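*Asks:* Provided below: protein_36.cif, containing mmCIF, C-alpha atoms.
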data_start
loop_
_atom_site.label_atom_id
_atom_site.label_comp_id
_atom_site.auth_asym_id
_atom_site.auth_seq_id
_atom_site.Cartn_x
_atom_site.Cartn_y
_atom_site.Cartn_z
CA MET A 313 -175.14 19.87 84.66
CA LYS A 314 -176.49 23.07 83.18
CA ASN A 315 -178.83 23.75 86.12
CA LYS A 316 -176.04 23.19 88.67
CA GLU A 317 -173.69 25.87 87.33
CA PRO A 318 -175.42 28.80 89.09
CA LEU A 319 -175.38 26.78 92.32
CA ILE A 320 -171.64 26.11 91.98
CA LEU A 321 -171.01 29.79 91.29
CA ALA A 322 -173.07 30.78 94.33
CA VAL A 323 -171.12 28.38 96.57
CA VAL A 324 -167.79 29.76 95.33
CA VAL A 325 -168.93 33.34 95.90
CA ILE A 326 -170.24 32.61 99.41
CA PHE A 327 -167.06 30.83 100.51
CA SER A 328 -164.93 33.63 99.03
CA LEU A 329 -166.89 36.25 100.97
CA ILE A 330 -166.66 34.22 104.20
CA THR A 331 -162.90 33.84 103.76
CA TYR A 332 -162.50 37.57 103.10
CA TYR A 333 -164.56 38.44 106.19
CA LEU A 334 -162.51 36.18 108.44
CA VAL A 335 -159.22 37.53 107.11
CA GLU A 336 -160.04 41.26 106.97
CA PRO A 337 -163.02 42.77 108.89
CA TYR A 338 -163.31 40.07 111.57
CA ALA A 339 -159.57 39.89 112.15
CA HIS A 340 -159.36 43.67 112.60
CA HIS A 341 -162.38 43.58 114.93
CA VAL A 342 -160.76 40.94 117.13
CA MET A 343 -157.30 42.53 117.13
CA HIS A 344 -158.48 46.11 117.79
CA LYS A 345 -161.31 47.17 120.04
CA HIS A 346 -163.82 49.40 118.33
CA VAL A 347 -163.79 53.01 119.48
CA GLU A 348 -166.44 55.44 118.33
CA SER A 349 -165.14 58.70 116.93
CA GLU A 350 -165.98 61.91 118.77
CA HIS A 351 -165.60 63.77 115.46
CA PHE A 352 -162.79 65.92 116.89
CA ALA A 353 -165.29 67.96 118.92
CA TYR A 354 -163.12 67.99 122.09
CA ALA A 355 -166.24 68.21 124.23
CA ASP A 356 -164.16 67.70 127.40
CA LEU A 357 -162.47 71.07 126.84
CA PRO A 358 -164.11 74.41 127.70
CA ALA A 359 -165.47 76.48 124.84
CA LEU A 360 -163.32 79.32 123.58
CA THR A 361 -164.14 82.62 125.25
CA PRO A 362 -165.72 84.90 122.62
CA GLY A 363 -164.21 88.25 121.72
CA GLY A 364 -160.64 87.21 121.02
CA ASP A 365 -158.59 90.06 119.54
CA ALA A 366 -155.71 89.18 117.22
CA ALA A 367 -153.79 92.41 117.90
CA ARG A 368 -153.84 91.84 121.67
CA GLY A 369 -152.99 88.21 121.02
CA GLN A 370 -149.91 89.17 119.05
CA GLU A 371 -148.66 91.26 121.97
CA LEU A 372 -149.14 88.33 124.33
CA VAL A 373 -147.56 85.75 122.02
CA MET A 374 -144.54 87.96 121.44
CA GLY A 375 -144.42 89.24 125.01
CA ALA A 376 -145.97 88.00 128.25
CA GLY A 377 -146.93 84.63 126.78
CA ALA A 378 -143.24 83.98 126.03
CA CYS A 379 -144.21 81.68 123.14
CA THR A 380 -141.28 82.75 120.98
CA GLY A 381 -138.83 81.63 123.64
CA CYS A 382 -139.43 78.06 122.44
CA HIS A 383 -141.46 78.31 119.23
CA SER A 384 -140.53 79.74 115.87
CA ILE A 385 -143.16 81.65 113.88
CA GLU A 386 -141.85 81.81 110.34
CA ALA A 387 -144.97 83.61 109.13
CA ALA A 388 -144.10 86.48 111.48
CA GLY A 389 -140.38 86.40 110.79
CA VAL A 390 -139.50 84.74 114.10
CA PRO A 391 -136.81 82.05 113.61
CA ALA A 392 -136.26 79.02 115.80
CA ALA A 393 -134.12 79.67 118.85
CA MET A 394 -132.06 76.54 118.24
CA GLU A 395 -131.67 73.59 115.89
CA PRO A 396 -134.15 70.68 116.24
CA GLN A 397 -131.73 68.26 117.90
CA MET A 398 -130.70 70.91 120.43
CA ALA A 399 -134.35 71.75 121.13
CA ALA A 400 -135.11 68.06 121.64
CA ALA A 401 -132.22 67.80 124.08
CA SER A 402 -133.78 70.67 126.06
CA TYR A 403 -137.49 69.82 125.82
CA GLY A 404 -137.65 66.19 124.71
CA VAL A 405 -139.12 67.13 121.35
CA ASN A 406 -138.70 70.08 119.01
CA PRO A 407 -141.50 72.63 119.68
CA PRO A 408 -143.57 73.22 116.52
CA ASP A 409 -143.48 76.32 114.39
CA LEU A 410 -146.67 78.26 115.15
CA SER A 411 -147.24 79.74 111.69
CA ASN A 412 -150.11 77.36 110.86
CA ALA A 413 -151.11 76.27 114.36
CA GLY A 414 -154.34 78.24 114.00
CA VAL A 415 -155.53 76.09 111.09
CA VAL A 416 -154.04 72.72 112.09
CA TYR A 417 -155.23 72.65 115.70
CA ASP A 418 -158.70 73.07 117.18
CA GLU A 419 -159.28 76.45 118.84
CA ARG A 420 -160.59 74.90 122.08
CA PHE A 421 -157.52 72.69 122.22
CA LEU A 422 -155.16 75.63 121.62
CA ALA A 423 -156.75 77.72 124.36
CA ASP A 424 -156.58 74.89 126.88
CA LEU A 425 -153.05 74.02 125.78
CA ILE A 426 -151.94 77.58 126.56
CA LYS A 427 -153.47 77.46 130.04
CA ASN A 428 -152.93 73.82 131.02
CA PRO A 429 -150.76 71.75 128.64
CA THR A 430 -150.99 68.42 130.46
CA HIS A 431 -154.80 68.58 130.52
CA ALA A 432 -155.15 69.53 126.85
CA LEU A 433 -152.67 66.85 125.80
CA LYS A 434 -154.19 64.19 128.10
CA VAL A 435 -150.84 63.33 129.68
CA GLU A 436 -151.71 64.16 133.29
CA HIS A 437 -150.98 60.54 134.20
CA LYS A 438 -147.36 61.09 133.14
CA TYR A 439 -146.74 64.34 135.01
CA THR A 440 -147.78 63.72 138.60
CA GLU A 441 -146.37 64.83 141.94
CA GLU A 442 -145.15 61.29 142.52
CA SER A 443 -143.24 61.22 139.25
CA GLY A 444 -141.58 64.54 139.97
CA LYS A 445 -141.83 65.39 136.27
CA THR A 446 -143.13 68.63 134.85
CA HIS A 447 -144.29 69.16 131.31
CA PRO A 448 -141.69 70.97 129.17
CA MET A 449 -144.29 73.46 127.94
CA ALA A 450 -144.70 76.17 130.55
CA GLN A 451 -148.23 76.91 131.72
CA PHE A 452 -149.54 80.42 130.99
CA PHE A 453 -150.85 82.02 134.18
CA GLY A 454 -152.12 85.19 132.55
CA ALA A 455 -150.84 88.71 132.05
CA GLY A 456 -153.00 90.47 134.63
CA GLY A 457 -156.35 90.33 132.86
CA ASP A 458 -158.99 87.68 132.22
CA ILE A 459 -156.85 84.63 131.46
CA ASP A 460 -159.58 82.98 129.38
CA LEU A 461 -159.93 86.07 127.22
CA GLU A 462 -156.15 86.39 126.96
CA ALA A 463 -155.95 82.80 125.72
CA ALA A 464 -158.70 83.57 123.20
CA ASP A 465 -156.69 86.60 122.05
CA MET A 466 -153.63 84.42 121.46
CA VAL A 467 -155.69 81.86 119.56
CA ALA A 468 -157.19 84.65 117.43
CA TYR A 469 -153.68 85.81 116.52
CA LEU A 470 -152.55 82.30 115.59
CA LYS A 471 -155.62 81.88 113.39
CA SER A 472 -155.00 85.26 111.72
CA ILE A 473 -151.48 84.37 110.54
CA ALA A 474 -152.24 80.81 109.41
CA VAL A 475 -152.89 79.84 105.82
CA LYS A 476 -156.48 79.28 104.74
CA ALA A 477 -157.85 75.79 105.43
CA GLU A 478 -158.07 75.03 101.70
CA ASP A 479 -154.40 75.95 101.29
CA LEU A 480 -153.23 73.56 104.00
CA THR A 481 -151.76 70.58 102.15
CA PRO A 482 -151.76 67.00 103.52
CA LYS A 483 -147.97 67.15 103.78
CA MET A 484 -148.09 70.41 105.76
CA ALA A 485 -150.69 68.98 108.14
CA TYR A 486 -148.65 65.83 108.73
CA GLU A 487 -145.36 67.59 109.28
CA ASN A 488 -146.88 70.03 111.76
CA ALA A 489 -149.04 67.58 113.72
CA CYS A 490 -146.99 64.37 113.56
CA GLY A 491 -143.64 64.93 111.90
CA ARG A 492 -141.64 66.02 114.94
CA CYS A 493 -142.10 62.59 116.57
CA HIS A 494 -142.79 60.23 113.68
CA ALA A 495 -140.49 59.63 110.75
CA MET A 496 -141.88 58.60 107.37
CA SER A 497 -139.03 56.94 105.50
CA TYR A 498 -141.10 56.34 102.35
CA GLU A 499 -141.32 60.13 102.00
CA ASN A 500 -137.69 60.73 103.09
CA TRP A 501 -139.06 62.49 106.16
CA THR A 502 -137.13 62.49 109.44
CA GLN A 503 -138.12 64.08 112.73
CA ILE A 504 -135.80 67.01 111.96
CA GLY A 505 -137.04 67.53 108.42
CA GLU A 506 -136.88 66.09 104.94
CA LYS A 507 -133.73 64.18 104.06
CA GLY A 508 -132.58 65.42 100.69
CA SER A 509 -129.79 64.24 98.43
CA PHE A 510 -126.19 64.94 99.43
CA LYS A 511 -123.26 65.60 97.15
CA PHE A 512 -120.74 64.43 99.74
CA LYS A 513 -121.01 61.38 101.97
CA LYS A 514 -119.73 63.33 104.96
CA ASP A 515 -122.70 65.71 104.68
CA GLU A 516 -125.13 62.79 104.71
CA LEU A 517 -123.36 61.31 107.74
CA ALA A 518 -123.55 64.65 109.54
CA PHE A 519 -127.31 64.81 108.87
CA ASN A 520 -127.78 61.21 110.07
CA ILE A 521 -125.91 62.02 113.28
CA LYS A 522 -128.31 64.89 113.95
CA VAL A 523 -131.26 62.56 113.40
CA LEU A 524 -129.80 59.99 115.80
CA GLU A 525 -129.18 62.66 118.44
CA TYR A 526 -132.78 63.85 118.06
CA GLU A 527 -134.11 60.30 118.30
CA ASP A 528 -132.12 59.66 121.49
CA SER A 529 -133.76 62.69 123.14
CA LEU A 530 -137.16 61.65 121.81
CA LYS A 531 -136.79 58.12 123.20
CA ALA A 532 -135.91 59.49 126.62
CA TYR A 533 -138.91 61.82 126.49
CA MET A 534 -141.51 59.33 125.20
CA GLY A 535 -140.15 56.12 126.70
CA LYS A 536 -139.46 54.62 123.29
CA LEU A 537 -139.02 55.85 119.75
CA PRO A 538 -142.38 56.58 118.09
CA PRO A 539 -142.91 54.33 115.04
CA ASP A 540 -142.23 55.20 111.44
CA LEU A 541 -145.65 55.89 109.89
CA SER A 542 -144.89 54.97 106.28
CA MET A 543 -147.16 51.90 106.32
CA TYR A 544 -149.13 52.53 109.51
CA ILE A 545 -152.39 53.40 107.78
CA ARG A 546 -152.30 50.07 105.93
CA SER A 547 -151.39 47.95 108.95
CA ARG A 548 -153.86 49.54 111.39
CA GLY A 549 -156.63 50.97 109.23
CA GLU A 550 -158.05 54.45 108.81
CA HIS A 551 -160.56 54.26 111.69
CA PHE A 552 -157.92 53.18 114.19
CA VAL A 553 -155.51 55.91 113.13
CA SER A 554 -158.24 58.58 113.19
CA THR A 555 -159.53 57.71 116.67
CA PHE A 556 -155.99 57.23 117.98
CA VAL A 557 -155.00 60.71 116.78
CA GLU A 558 -158.20 62.10 118.27
CA ASN A 559 -157.58 60.53 121.69
CA PRO A 560 -154.66 58.10 122.12
CA GLN A 561 -155.92 57.05 125.56
CA SER A 562 -159.09 55.60 124.00
CA GLN A 563 -157.06 52.98 122.14
CA LEU A 564 -154.05 52.59 124.40
CA GLU A 565 -154.67 53.66 127.98
CA GLY A 566 -151.58 55.02 129.69
CA THR A 567 -149.70 55.71 126.46
CA ALA A 568 -147.16 58.52 126.51
CA MET A 569 -148.43 59.82 123.18
CA PRO A 570 -150.24 63.10 123.76
CA ARG A 571 -153.56 64.09 122.25
CA VAL A 572 -152.66 65.97 119.09
CA GLY A 573 -155.64 68.33 119.07
CA VAL A 574 -156.02 68.67 115.32
CA THR A 575 -159.25 69.74 113.67
CA ALA A 576 -161.35 67.21 111.77
CA GLU A 577 -160.24 68.76 108.49
CA ALA A 578 -156.55 68.62 109.44
CA ALA A 579 -156.94 65.00 110.57
CA GLU A 580 -158.36 64.09 107.17
CA LYS A 581 -155.32 65.67 105.52
CA VAL A 582 -152.92 63.85 107.84
CA ILE A 583 -154.59 60.55 106.92
CA GLU A 584 -154.52 61.49 103.24
CA HIS A 585 -150.76 62.02 103.46
CA MET A 586 -150.34 58.67 105.24
CA LYS A 587 -152.36 56.96 102.50
CA ASP A 588 -150.23 58.53 99.79
CA ALA A 589 -147.03 57.44 101.56
CA GLY A 590 -148.21 53.88 102.18
CA ASP A 591 -149.56 53.37 98.67
CA THR A 592 -147.99 55.71 96.13
CA LYS A 593 -149.93 54.06 93.27
CA ARG A 594 -153.26 54.26 95.10
CA ASP A 595 -155.12 56.52 92.66
CA GLU A 596 -153.67 54.76 89.64
CA ARG A 597 -154.51 51.35 91.08
CA GLU A 598 -158.10 52.33 91.84
CA SER A 599 -158.66 53.62 88.30
CA ILE A 600 -157.07 50.52 86.75
CA GLY A 601 -159.08 48.30 89.09
CA MET A 602 -162.34 49.73 87.77
CA ASN A 603 -161.24 49.11 84.18
CA VAL A 604 -160.24 45.55 85.06
CA MET A 605 -163.66 44.88 86.63
CA ILE A 606 -165.40 46.21 83.50
CA TYR A 607 -163.20 43.98 81.35
CA ILE A 608 -164.00 40.92 83.49
CA VAL A 609 -167.75 41.53 83.21
CA ILE A 610 -167.58 41.94 79.42
CA PHE A 611 -165.32 38.89 79.12
CA ALA A 612 -167.71 36.83 81.27
CA ILE A 613 -170.64 37.77 79.02
CA PHE A 614 -168.76 36.75 75.85
CA ALA A 615 -167.50 33.57 77.54
CA LEU A 616 -171.06 32.63 78.48
CA LEU A 617 -172.33 33.26 74.93
CA TRP A 618 -169.42 31.29 73.49
CA LYS A 619 -170.06 28.41 75.88
CA LYS A 620 -173.74 28.27 74.89
CA GLN A 621 -172.80 28.29 71.21
CA VAL A 622 -170.30 25.42 71.60
CA TRP A 623 -172.44 23.25 73.88
CA ARG A 624 -175.90 23.98 72.51
CA ASP A 625 -176.09 20.70 70.55
CA LEU A 626 -175.15 18.68 73.66
CA HIS A 627 -177.87 20.05 75.98
#
Can you present the structure in this file as structure tokens?

*Replies:*
Amino acid sequence: MKNKEPLILAVVVIFSLITYYLVEPYAHHVMHKHVESEHFAYADLPALTPGGDAARGQELVMGAGACTGCHSIEAAGVPAAMEPQMAAASYGVNPPDLSNAGVVYDERFLADLIKNPTHALKVEHKYTEESGKTHPMAQFFGAGGDIDLEAADMVAYLKSIAVKAEDLTPKMAYENACGRCHAMSYENWTQIGEKGSFKFKKDELAFNIKVLEYEDSLKAYMGKLPPDLSMYIRSRGEHFVSTFVENPQSQLEGTAMPRVGVTAEAAEKVIEHMKDAGDTKRDERESIGMNVMIYIVIFAIFALLWKKQVWRDLH
């Protein structure tokens, strides 16, 4: 019997690994096609024209570019023109505040977004002549100069007012890139902002009504309400989420979800926030898990020595 114990252990380990593979990696492989990441390079977009000037860009953003007609820029003291639910009723979704657009979004994406929103967002299939629909973001046709350089100027300005990359928190990245369409109930986040505590029930009801009004506009704009992302990273996996954010059409052709255009660093922070929301005890669990594994190894060694001591006279 003594010589068979390693064989029994090996059989148990092999069958456990096979079962795990069939339940986890293989199941995910079958359910989701594998898409290779493009590492957020946005190679399909033209390179940013060099020589962008932030001062000229500020004049365009505040003037001929008409950005502040729809977008707030809190970093520059420009408030939102209307409340989120009213903006969603006008545009389908609340336009983002541009304070940190320069650090959240890729510069090539921003430049192309200014000049041709449907192309940058990869939603040209949704806004065709046959559909009769036009994208709510107005296309910038230039202010009389080189339009590519003017777009580079505007991007340079947005980058100049943004926080440093290391100061961009996962929560900030998520709220800017995803939070206007996707709620995250585990973090008390709604599409119009964080839902705090209310002293009076009527105030909570008033807030909920605003959320419902926003969601109605969002459903009409997107075709259906975008999902709550509280557990999405755990149900779909990090690779799926990353490549879907990078290019939604690669995973779901024809989807109404636009390309987000975030940088690789911002995408990592978005995913980090999703991980924290979906598993609030993640760091604690991982540290405890290591201690448990160490305990099991030590216990197994003592159990083996004890077993040999007890059975040594019978072998």

*Asks:* When the PyMOL selection byres ((chain A and resi 577-587) around 6) is applied to the file above, which residues end up in the set, as a PyMOL selection string?

*Replies:* chain A and resi 416+482-483+485-486+574-576+588-591

*Asks:* With C-alpha atoms retained, write the just-selected residues as a PDB file, keeping the file's coordinate frame.

*Replies:*
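Final file, part-v4.pdb:
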ATOM      1  CA  VAL A 416    -154.040  72.720 112.090  1.00  0.00           C
ATOM      2  CA  PRO A 482    -151.760  67.000 103.520  1.00  0.00           C
ATOM      3  CA  LYS A 483    -147.970  67.150 103.780  1.00  0.00           C
ATOM      4  CA  ALA A 485    -150.690  68.980 108.140  1.00  0.00           C
ATOM      5  CA  TYR A 486    -148.650  65.830 108.730  1.00  0.00           C
ATOM      6  CA  VAL A 574    -156.020  68.670 115.320  1.00  0.00           C
ATOM      7  CA  THR A 575    -159.250  69.740 113.670  1.00  0.00           C
ATOM      8  CA  ALA A 576    -161.350  67.210 111.770  1.00  0.00           C
ATOM      9  CA  ASP A 588    -150.230  58.530  99.790  1.00  0.00           C
ATOM     10  CA  ALA A 589    -147.030  57.440 101.560  1.00  0.00           C
ATOM     11  CA  GLY A 590    -148.210  53.880 102.180  1.00  0.00           C
ATOM     12  CA  ASP A 591    -149.560  53.370  98.670  1.00  0.00           C
TER      13      ASP A 591
END

*Asks:* Distance table requested - segment 461-501 of chain A against segment 528-551 of chain A, cut-off 9 Å, all atoms listed in the file: one row per qualifying residue with the closest atom pair and its distance in Å to one decimal, ordered by chain and rising residue number, as JSON lines.

*Replies:*
{"residue": "A:Cys493", "atom": "CA", "partner": "A:Pro538", "partner_atom": "CA", "distance": 6.2}
{"residue": "A:His494", "atom": "CA", "partner": "A:Asp540", "partner_atom": "CA", "distance": 5.5}
{"residue": "A:Ala495", "atom": "CA", "partner": "A:Asp540", "partner_atom": "CA", "distance": 4.8}
{"residue": "A:Met496", "atom": "CA", "partner": "A:Ser542", "partner_atom": "CA", "distance": 4.8}
{"residue": "A:Ser497", "atom": "CA", "partner": "A:Ser542", "partner_atom": "CA", "distance": 6.2}
{"residue": "A:Tyr498", "atom": "CA", "partner": "A:Ser542", "partner_atom": "CA", "distance": 5.6}
{"residue": "A:Glu499", "atom": "CA", "partner": "A:Ser542", "partner_atom": "CA", "distance": 7.6}

*Asks:* On this structure, the PyMOL selection byres ((chain A and resi 369) around 10) would catch which residues? List them as a PDB file with C-alpha atoms, keeping the file's coordinate frame, sorted by chain and number.

*Replies:*
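And here's part-v5.pdb as it stands now:
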ATOM      1  CA  GLY A 364    -160.640  87.210 121.020  1.00  0.00           C
ATOM      2  CA  ASP A 365    -158.590  90.060 119.540  1.00  0.00           C
ATOM      3  CA  ALA A 366    -155.710  89.180 117.220  1.00  0.00           C
ATOM      4  CA  ALA A 367    -153.790  92.410 117.900  1.00  0.00           C
ATOM      5  CA  ARG A 368    -153.840  91.840 121.670  1.00  0.00           C
ATOM      6  CA  GLN A 370    -149.910  89.170 119.050  1.00  0.00           C
ATOM      7  CA  GLU A 371    -148.660  91.260 121.970  1.00  0.00           C
ATOM      8  CA  LEU A 372    -149.140  88.330 124.330  1.00  0.00           C
ATOM      9  CA  VAL A 373    -147.560  85.750 122.020  1.00  0.00           C
ATOM     10  CA  MET A 374    -144.540  87.960 121.440  1.00  0.00           C
ATOM     11  CA  GLY A 375    -144.420  89.240 125.010  1.00  0.00           C
ATOM     12  CA  GLY A 377    -146.930  84.630 126.780  1.00  0.00           C
ATOM     13  CA  LEU A 461    -159.930  86.070 127.220  1.00  0.00           C
ATOM     14  CA  GLU A 462    -156.150  86.390 126.960  1.00  0.00           C
ATOM     15  CA  ALA A 463    -155.950  82.800 125.720  1.00  0.00           C
ATOM     16  CA  ALA A 464    -158.700  83.570 123.200  1.00  0.00           C
ATOM     17  CA  ASP A 465    -156.690  86.600 122.050  1.00  0.00           C
ATOM     18  CA  MET A 466    -153.630  84.420 121.460  1.00  0.00           C
ATOM     19  CA  VAL A 467    -155.690  81.860 119.560  1.00  0.00           C
ATOM     20  CA  ALA A 468    -157.190  84.650 117.430  1.00  0.00           C
ATOM     21  CA  TYR A 469    -153.680  85.810 116.520  1.00  0.00           C
ATOM     22  CA  LEU A 470    -152.550  82.300 115.590  1.00  0.00           C
ATOM     23  CA  SER A 472    -155.000  85.260 111.720  1.00  0.00           C
TER      24      SER A 472
END

*Asks:* Enumerate, as a list in words, the residues matched when the PyMOL selection byres ((chain A and resi 397) around 8) is run on the file above.

*Replies:*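 Those residues are Glu395, Pro396, Met398, Ala399, Ala400, Ala401, Asn406, Ile504, Lys522, Val523, Glu525, Tyr526 and Ser529 of chain A.
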
*Asks:* Calculate how many Å separate atom CA of Phe510 of chain A from atom CA of Arg594 of chain A, rounding to one decimal.

*Replies:*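 Calculated distance between atom CA of Phe510 of chain A and atom CA of Arg594 of chain A is 29.4 Å.
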
*Asks:* In Å, how far is it from atom CA of Glu419 of chain A to atom CA of Ala432 of chain A?

*Replies:*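 Separation between atom CA of Glu419 of chain A and atom CA of Ala432 of chain A: 11.4 Å.
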
*Asks:* Could you check how far atom CA of Glu596 of chain A sits from atom CA of Ser509 of chain A, in Å to one decimal?

*Replies:*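 Between atom CA of Glu596 of chain A and atom CA of Ser509 of chain A the gap works out to 27.2 Å.
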
*Asks:* Give the padded box for segment 537-548 of chain A as AutoDock Vina command-line options: axis-aligned, covering all atoms listed in the file, 5 Å on each side, centre and edge lengths in Å to one decimal.

*Replies:*
--center_x -146.4 --center_y 52.3 --center_z 112.8 --size_x 24.8 --size_y 18.6 --size_z 23.8

*Asks:* Determine, counting all atoms listed in the file, which protein, DNA and RNA residues have an atom within 8 Å of an atom of Gly505 of chain A; residues of the same chain fewer than 3 positions away are not included. Present the result as a PyMOL selection string.

*Replies:* chain A and resi 491+501-502

*Asks:* I need every residue sitting at most 10 Å from the point (-158.3, 60.1, 126.0) (coordinates as in the file, all atoms listed in the file considered), written as a VMD selection string.

*Replies:* chain A and resid 356 432 to 435 555 to 567 570 to 571

*Asks:* Rank A:Arg624, A:Lys476, A:Ala423, A:Tyr607 by their smallest atom-to-atom distance to Leu360 of chain A, using all atoms listed in the file, and report the top residue only.

*Replies:*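 For Leu360 of chain A, the nearest of the candidates is A:Ala423.
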